[in-house]
file final30.cif (mmCIF, C-alpha atoms, pLDDT in the B column; chains and numbers go by the auth columns)
data_final
loop_
_atom_site.group_PDB
_atom_site.id
_atom_site.type_symbol
_atom_site.label_atom_id
_atom_site.label_comp_id
_atom_site.label_asym_id
_atom_site.label_seq_id
_atom_site.Cartn_x
_atom_site.Cartn_y
_atom_site.Cartn_z
_atom_site.B_iso_or_equiv
_atom_site.auth_seq_id
_atom_site.auth_asym_id
ATOM 1 C CA MET A 1 -64.995 -51.651 11.180 47.00 25 A
ATOM 2 C CA ILE A 2 -62.332 -54.186 12.177 45.00 26 A
ATOM 3 C CA LYS A 3 -59.618 -51.955 10.688 44.00 27 A
ATOM 4 C CA LYS A 4 -60.888 -49.035 12.797 42.00 28 A
ATOM 5 C CA ILE A 5 -60.825 -51.180 15.951 36.00 29 A
ATOM 6 C CA LYS A 6 -57.252 -52.273 15.161 38.00 30 A
ATOM 7 C CA LYS A 7 -56.136 -48.646 14.923 39.00 31 A
ATOM 8 C CA ILE A 8 -57.861 -47.786 18.207 35.00 32 A
ATOM 9 C CA ILE A 9 -56.084 -50.682 19.934 35.00 33 A
ATOM 10 C CA LEU A 10 -52.746 -49.512 18.528 37.00 34 A
ATOM 11 C CA LEU A 11 -53.324 -45.935 19.677 36.00 35 A
ATOM 12 C CA ALA A 12 -54.374 -47.106 23.143 34.00 36 A
ATOM 13 C CA ALA A 13 -51.139 -49.102 23.440 38.00 37 A
ATOM 14 C CA MET A 14 -49.130 -45.997 22.527 38.00 38 A
ATOM 15 C CA LEU A 15 -50.947 -43.550 24.847 34.00 39 A
ATOM 16 C CA PRO A 16 -48.236 -43.506 27.519 36.00 40 A
ATOM 17 C CA TYR A 17 -45.789 -42.228 24.893 36.00 41 A
ATOM 18 C CA ILE A 18 -48.094 -39.986 22.877 36.00 42 A
ATOM 19 C CA SER A 19 -48.615 -37.878 25.990 35.00 43 A
ATOM 20 C CA HIS A 20 -44.947 -36.806 25.694 37.00 44 A
ATOM 21 C CA ALA A 21 -45.454 -35.416 22.187 40.00 45 A
ATOM 22 C CA CYS A 22 -45.507 -31.640 21.967 41.00 46 A
ATOM 23 C CA PRO A 23 -49.050 -30.477 21.265 40.00 47 A
ATOM 24 C CA GLY A 24 -49.613 -27.735 18.750 40.00 48 A
ATOM 25 C CA THR A 25 -46.336 -28.263 16.918 49.00 49 A
ATOM 26 C CA ALA A 26 -47.835 -28.487 13.465 64.00 50 A
ATOM 27 C CA VAL A 27 -44.654 -28.121 11.448 80.00 51 A
ATOM 28 C CA GLN A 28 -44.599 -28.700 7.726 91.00 52 A
ATOM 29 C CA ILE A 29 -41.983 -31.402 7.109 94.00 53 A
ATOM 30 C CA PRO A 30 -40.174 -30.855 3.787 96.00 54 A
ATOM 31 C CA GLU A 31 -40.796 -33.598 1.223 96.00 55 A
ATOM 32 C CA GLN A 32 -37.132 -34.703 1.098 96.00 56 A
ATOM 33 C CA ILE A 33 -37.125 -35.634 4.818 98.00 57 A
ATOM 34 C CA LYS A 34 -40.639 -37.036 5.196 97.00 58 A
ATOM 35 C CA VAL A 35 -40.928 -40.379 6.938 97.00 59 A
ATOM 36 C CA PRO A 36 -42.153 -43.189 4.655 95.00 60 A
ATOM 37 C CA ASP A 37 -45.841 -44.086 4.700 94.00 61 A
ATOM 38 C CA GLY A 38 -46.832 -46.589 7.341 95.00 62 A
ATOM 39 C CA HIS A 39 -45.182 -44.739 10.263 96.00 63 A
ATOM 40 C CA THR A 40 -46.677 -42.466 12.899 95.00 64 A
ATOM 41 C CA ALA A 41 -45.159 -39.920 15.279 95.00 65 A
ATOM 42 C CA PHE A 42 -45.359 -40.953 18.929 93.00 66 A
ATOM 43 C CA LEU A 43 -42.878 -38.691 20.744 94.00 67 A
ATOM 44 C CA THR A 44 -41.433 -35.201 20.268 95.00 68 A
ATOM 45 C CA VAL A 45 -38.587 -33.893 22.410 96.00 69 A
ATOM 46 C CA HIS A 46 -36.717 -30.591 22.421 98.00 70 A
ATOM 47 C CA ALA A 47 -32.920 -30.725 22.361 98.00 71 A
ATOM 48 C CA LYS A 48 -30.622 -28.104 23.810 98.00 72 A
ATOM 49 C CA GLY A 49 -26.867 -28.508 23.710 98.00 73 A
ATOM 50 C CA ASP A 50 -23.860 -28.285 21.426 98.00 74 A
ATOM 51 C CA GLN A 51 -22.610 -29.517 18.086 98.00 75 A
ATOM 52 C CA ILE A 52 -18.930 -30.401 18.544 98.00 76 A
ATOM 53 C CA TYR A 53 -16.529 -29.560 15.712 98.00 77 A
ATOM 54 C CA GLN A 54 -12.853 -30.387 15.244 98.00 78 A
ATOM 55 C CA CYS A 55 -10.320 -28.440 13.171 97.00 79 A
ATOM 56 C CA THR A 56 -9.119 -30.743 10.382 97.00 80 A
ATOM 57 C CA VAL A 57 -7.236 -30.446 7.117 95.00 81 A
ATOM 58 C CA ASN A 58 -8.529 -31.870 3.839 93.00 82 A
ATOM 59 C CA GLN A 59 -6.537 -31.509 0.601 93.00 83 A
ATOM 60 C CA GLY A 60 -4.602 -28.584 2.071 91.00 84 A
ATOM 61 C CA SER A 61 -7.688 -26.722 3.304 94.00 85 A
ATOM 62 C CA TYR A 62 -8.468 -26.268 6.983 95.00 86 A
ATOM 63 C CA LEU A 63 -12.087 -26.765 8.004 96.00 87 A
ATOM 64 C CA TRP A 64 -14.279 -27.448 11.005 97.00 88 A
ATOM 65 C CA GLN A 65 -15.521 -31.053 10.787 97.00 89 A
ATOM 66 C CA ILE A 66 -18.578 -32.175 12.773 96.00 90 A
ATOM 67 C CA GLN A 67 -17.685 -34.734 15.454 97.00 91 A
ATOM 68 C CA ALA A 68 -20.812 -35.245 17.527 97.00 92 A
ATOM 69 C CA PRO A 69 -23.826 -33.689 19.179 98.00 93 A
ATOM 70 C CA ASP A 70 -23.957 -33.288 22.949 98.00 94 A
ATOM 71 C CA ALA A 71 -27.473 -32.339 24.003 98.00 95 A
ATOM 72 C CA ARG A 72 -30.095 -32.865 26.666 98.00 96 A
ATOM 73 C CA LEU A 73 -33.618 -33.865 25.595 97.00 97 A
ATOM 74 C CA PHE A 74 -36.634 -32.187 27.224 97.00 98 A
ATOM 75 C CA ASP A 75 -40.345 -33.014 27.248 95.00 99 A
ATOM 76 C CA ASN A 76 -43.028 -30.348 26.756 94.00 100 A
ATOM 77 C CA GLN A 77 -43.022 -29.628 30.525 96.00 101 A
ATOM 78 C CA GLY A 78 -39.309 -28.783 30.411 96.00 102 A
ATOM 79 C CA GLN A 79 -38.206 -31.952 32.228 97.00 103 A
ATOM 80 C CA ILE A 80 -35.045 -33.740 31.067 96.00 104 A
ATOM 81 C CA VAL A 81 -36.059 -37.051 29.487 95.00 105 A
ATOM 82 C CA GLY A 82 -32.819 -38.102 27.840 95.00 106 A
ATOM 83 C CA LYS A 83 -29.683 -37.194 25.961 96.00 107 A
ATOM 84 C CA HIS A 84 -28.311 -37.152 22.418 97.00 108 A
ATOM 85 C CA PHE A 85 -24.671 -37.929 21.651 97.00 109 A
ATOM 86 C CA LYS A 86 -22.144 -39.367 19.188 97.00 110 A
ATOM 87 C CA GLY A 87 -23.378 -42.206 17.017 94.00 111 A
ATOM 88 C CA PRO A 88 -25.820 -40.505 16.528 96.00 112 A
ATOM 89 C CA VAL A 89 -27.542 -41.968 19.579 97.00 113 A
ATOM 90 C CA TRP A 90 -30.654 -40.862 21.479 96.00 114 A
ATOM 91 C CA GLU A 91 -31.019 -42.253 24.995 95.00 115 A
ATOM 92 C CA TYR A 92 -34.233 -42.072 27.010 92.00 116 A
ATOM 93 C CA LYS A 93 -34.134 -41.485 30.774 89.00 117 A
ATOM 94 C CA GLU A 94 -34.811 -45.128 31.672 86.00 118 A
ATOM 95 C CA GLY A 95 -31.898 -46.315 29.521 84.00 119 A
ATOM 96 C CA SER A 96 -33.422 -47.405 26.233 90.00 120 A
ATOM 97 C CA ARG A 97 -31.582 -46.013 23.235 93.00 121 A
ATOM 98 C CA VAL A 98 -31.569 -45.929 19.478 96.00 122 A
ATOM 99 C CA GLN A 99 -28.774 -45.379 17.000 97.00 123 A
ATOM 100 C CA GLY A 100 -29.504 -43.756 13.681 97.00 124 A
ATOM 101 C CA LYS A 101 -28.172 -43.266 10.189 97.00 125 A
ATOM 102 C CA ILE A 102 -28.819 -40.000 8.347 97.00 126 A
ATOM 103 C CA MET A 103 -30.885 -40.677 5.220 98.00 127 A
ATOM 104 C CA ALA A 104 -31.738 -37.175 3.965 98.00 128 A
ATOM 105 C CA LYS A 105 -31.191 -33.482 4.763 97.00 129 A
ATOM 106 C CA ALA A 106 -33.109 -30.252 4.205 97.00 130 A
ATOM 107 C CA ASP A 107 -31.362 -26.873 4.490 95.00 131 A
ATOM 108 C CA MET A 108 -34.089 -24.696 5.943 94.00 132 A
ATOM 109 C CA ALA A 109 -31.920 -21.778 7.143 93.00 133 A
ATOM 110 C CA PRO A 110 -28.410 -22.501 5.805 92.00 134 A
ATOM 111 C CA SER A 111 -26.946 -19.220 7.047 94.00 135 A
ATOM 112 C CA SER A 112 -28.185 -19.578 10.631 95.00 136 A
ATOM 113 C CA ALA A 113 -28.971 -23.210 11.529 97.00 137 A
ATOM 114 C CA ILE A 114 -27.912 -26.792 10.955 98.00 138 A
ATOM 115 C CA THR A 115 -29.952 -28.879 8.555 97.00 139 A
ATOM 116 C CA TRP A 116 -33.213 -30.655 9.254 98.00 140 A
ATOM 117 C CA LEU A 117 -32.818 -34.432 8.983 98.00 141 A
ATOM 118 C CA LEU A 118 -34.493 -37.739 8.272 98.00 142 A
ATOM 119 C CA VAL A 119 -32.757 -40.432 10.321 98.00 143 A
ATOM 120 C CA LYS A 120 -33.397 -44.152 9.969 98.00 144 A
ATOM 121 C CA VAL A 121 -32.978 -46.140 13.173 97.00 145 A
ATOM 122 C CA VAL A 122 -30.377 -48.887 12.675 97.00 146 A
ATOM 123 C CA GLY A 123 -30.018 -50.134 16.249 95.00 147 A
ATOM 124 C CA HIS A 124 -32.098 -50.484 19.417 93.00 148 A
ATOM 125 C CA LYS A 125 -31.178 -51.200 23.038 92.00 149 A
ATOM 126 C CA GLY A 126 -33.598 -51.690 25.887 89.00 150 A
ATOM 127 C CA ASP A 127 -37.339 -51.406 26.113 82.00 151 A
ATOM 128 C CA SER A 128 -39.874 -48.694 25.389 66.00 152 A
ATOM 129 C CA PRO A 129 -40.316 -45.967 24.423 76.00 153 A
ATOM 130 C CA PHE A 130 -37.416 -46.159 21.966 82.00 154 A
ATOM 131 C CA ALA A 131 -37.752 -49.904 21.317 83.00 155 A
ATOM 132 C CA LYS A 132 -40.298 -49.320 18.552 87.00 156 A
ATOM 133 C CA THR A 133 -38.665 -46.261 16.952 94.00 157 A
ATOM 134 C CA SER A 134 -38.077 -46.674 13.222 96.00 158 A
ATOM 135 C CA PHE A 135 -37.366 -43.088 12.065 98.00 159 A
ATOM 136 C CA ILE A 136 -36.484 -39.709 13.582 98.00 160 A
ATOM 137 C CA ASN A 137 -36.855 -36.194 12.169 98.00 161 A
ATOM 138 C CA ARG A 138 -34.663 -33.318 13.374 98.00 162 A
ATOM 139 C CA ILE A 139 -36.636 -30.122 12.806 98.00 163 A
ATOM 140 C CA ASN A 140 -36.900 -26.529 14.066 97.00 164 A
ATOM 141 C CA THR A 141 -33.124 -26.176 14.306 98.00 165 A
ATOM 142 C CA GLN A 142 -31.412 -23.060 15.594 98.00 166 A
ATOM 143 C CA GLY A 143 -27.642 -22.525 15.611 98.00 167 A
ATOM 144 C CA GLY A 144 -25.148 -25.372 15.513 98.00 168 A
ATOM 145 C CA LEU A 145 -23.301 -24.291 12.354 97.00 169 A
ATOM 146 C CA PRO A 146 -19.527 -24.806 12.159 96.00 170 A
ATOM 147 C CA PRO A 147 -17.369 -21.885 13.296 95.00 171 A
ATOM 148 C CA VAL A 148 -16.417 -19.489 10.503 92.00 172 A
ATOM 149 C CA SER A 149 -12.839 -18.854 11.656 91.00 173 A
ATOM 150 C CA GLY A 150 -10.072 -20.124 13.886 91.00 174 A
ATOM 151 C CA CYS A 151 -9.235 -23.342 12.063 95.00 175 A
ATOM 152 C CA ASP A 152 -5.635 -23.189 10.840 94.00 176 A
ATOM 153 C CA ALA A 153 -2.287 -24.950 11.337 94.00 177 A
ATOM 154 C CA ASN A 154 -2.050 -23.570 14.876 94.00 178 A
ATOM 155 C CA HIS A 155 -5.431 -25.058 15.846 94.00 179 A
ATOM 156 C CA LEU A 156 -5.328 -28.387 14.008 96.00 180 A
ATOM 157 C CA GLY A 157 -7.094 -31.016 16.135 96.00 181 A
ATOM 158 C CA GLY A 158 -8.712 -28.388 18.350 96.00 182 A
ATOM 159 C CA GLU A 159 -12.392 -28.641 19.199 97.00 183 A
ATOM 160 C CA ARG A 160 -15.129 -26.035 19.349 97.00 184 A
ATOM 161 C CA ARG A 161 -18.635 -26.394 20.737 98.00 185 A
ATOM 162 C CA VAL A 162 -21.429 -24.497 19.043 98.00 186 A
ATOM 163 C CA ALA A 163 -24.778 -24.122 20.805 98.00 187 A
ATOM 164 C CA TYR A 164 -27.873 -25.470 19.045 98.00 188 A
ATOM 165 C CA THR A 165 -31.480 -26.348 19.667 98.00 189 A
ATOM 166 C CA ALA A 166 -33.780 -28.635 17.712 98.00 190 A
ATOM 167 C CA ASP A 167 -36.874 -30.748 18.003 98.00 191 A
ATOM 168 C CA TYR A 168 -36.631 -34.499 17.447 97.00 192 A
ATOM 169 C CA VAL A 169 -39.769 -36.348 16.350 97.00 193 A
ATOM 170 C CA PHE A 170 -39.749 -40.117 16.887 96.00 194 A
ATOM 171 C CA TYR A 171 -41.820 -42.418 14.651 96.00 195 A
ATOM 172 C CA SER A 172 -42.857 -46.045 14.858 94.00 196 A
ATOM 173 C CA ARG A 173 -44.298 -48.364 12.284 91.00 197 A
ATOM 174 C CA ILE A 174 -48.083 -48.578 12.268 85.00 198 A
ATOM 175 C CA ILE A 175 -48.845 -52.164 13.166 73.00 199 A
ATOM 176 C CA GLU A 176 -52.014 -53.698 11.795 58.00 200 A
ATOM 177 C CA LEU A 177 -53.311 -56.307 14.199 52.00 201 A
ATOM 178 C CA THR A 178 -54.898 -59.336 12.589 52.00 202 A
ATOM 179 C CA ASN A 179 -57.159 -62.058 13.943 50.00 203 A
#
call {"tool": "encode", "arguments": {"input": "final30.cif", "output": "structure tokens"}}
result
Amino acid sequence: MIKKIKKIILLAAMLPYISHACPGTAVQIPEQIKVPDGHTAFLTVHAKGDQIYQCTVNQGSYLWQIQAPDARLFDNQGQIVGKHFKGPVWEYKEGSRVQGKIMAKADMAPSSAITWLLVKVVGHKGDSPFAKTSFINRINTQGGLPPVSGCDANHLGGERRVAYTADYVFYSRIIELTN
């Protein structure tokens, strides 16, 4: 009974943020990018923007190397609630931000979309809602793959932006309150 009350208190404290989560987005998260036990989703945002690539050379081969994302984050009403940029960093509209480190990838549509990700948060700035974020999933990706041509000696150092969309699911640790 006490454990049930503790969970209710935790959920009540998170209600202002849970309301931003996208309802009805029951997506099966692949095993290799599942968030560890003891975490719960509290916010889902939709990203729309670009993946930025730069033409580089590696061991005599020219290739497009990912540099950074540049995307706006939207809530389920279509309102801008933040941005996503190099780091990788996610910044909420009131200024809080998190920086992440990619832990695992899942190629769901390798010929048409960038990978789905499990990201561990390694840095926080500011207060809620991002202050309690511990993990992030990037799912439902479309586009964003590196260009297939145009990287050669004449374009070395050049940048290309490739449109992408994705959903980012933010997780926090489930806190058990004790007496």
call {"tool": "resolve_selection", "arguments": {"input": "final30.cif", "expression": "the PyMOL selection byres ((chain A and resi 117-126) around 10)", "output": "ChimeraX atom specification"}}
result
/A:97,104-116,127-129,141-161
call {"tool": "resolve_selection", "arguments": {"input": "final30.cif", "expression": "the PyMOL selection byres ((chain A and resi 62) around 7)", "output": "ChimeraX atom specification"}}
result
/A:60-61,63-64,197-198
call {"tool": "atom_distance", "arguments": {"input": "final30.cif", "atom1": "atom CA of Tyr188 of chain A", "atom2": "atom CA of Trp88 of chain A"}}
result
15.9 Å
call {"tool": "atom_distance", "arguments": {"input": "final30.cif", "atom1": "atom CA of Val193 of chain A", "atom2": "atom CA of Ser135 of chain A"}}
result
23.3 Å
call {"tool": "resolve_selection", "arguments": {"input": "final30.cif", "expression": "the PyMOL selection byres ((chain A and resi 184) around 8)", "output": "CSV table (one decimal) with C-alpha atoms, in the frame of the given file"}}
result
chain,number,residue,atom,x,y,z
A,76,ILE,CA,-18.9,-30.4,18.5
A,77,TYR,CA,-16.5,-29.6,15.7
A,78,GLN,CA,-12.9,-30.4,15.2
A,171,PRO,CA,-17.4,-21.9,13.3
A,182,GLY,CA,-8.7,-28.4,18.4
A,183,GLU,CA,-12.4,-28.6,19.2
A,185,ARG,CA,-18.6,-26.4,20.7
A,186,VAL,CA,-21.4,-24.5,19.0
call {"tool": "closest_residue", "arguments": {"input": "final30.cif", "among": "A:Gln103, A:Thr165, A:Asn178, A:Ser136", "to": "Val81 of chain A", "atoms": "all atoms listed in the file"}}
result
A:Asn178
call {"tool": "closest_residue", "arguments": {"input": "final30.cif", "among": "A:Ala137, A:Ala177, A:Val69, A:Pro54", "to": "Gln101 of chain A", "atoms": "only C-alpha atoms"}}
result
A:Val69
call {"tool": "closest_residue", "arguments": {"input": "final30.cif", "among": "A:Gly168, A:Ser196, A:Ala130, A:Val51", "to": "Gln91 of chain A", "atoms": "all atoms listed in the file"}}
result
A:Gly168
call {"tool": "closest_residue", "arguments": {"input": "final30.cif", "among": "A:Asn164, A:Gly181, A:Asp94, A:Cys79", "to": "Thr139 of chain A", "atoms": "all atoms listed in the file"}}
result
A:Asn164
call {"tool": "residues_around", "arguments": {"input": "final30.cif", "residues": "Gly73 of chain A", "least_positions_apart": "3", "cutoff": "8 Å", "atoms": "only C-alpha atoms", "output": "NGL selection string"}}
result
:A and (93-96 or 187-189)
call {"tool": "closest_residue", "arguments": {"input": "final30.cif", "among": "A:Asp176, A:Asp191, A:Ile163, A:Pro170", "to": "Gln89 of chain A", "atoms": "only C-alpha atoms"}}
result
A:Pro170
call {"tool": "atom_distance", "arguments": {"input": "final30.cif", "atom1": "atom CA of Tyr192 of chain A", "atom2": "atom CA of Gly167 of chain A"}}
result
15.1 Å
call {"tool": "closest_residue", "arguments": {"input": "final30.cif", "among": "A:Ile53, A:Val59, A:Ile90, A:Cys175", "to": "Gln75 of chain A", "atoms": "all atoms listed in the file"}}
result
A:Ile90
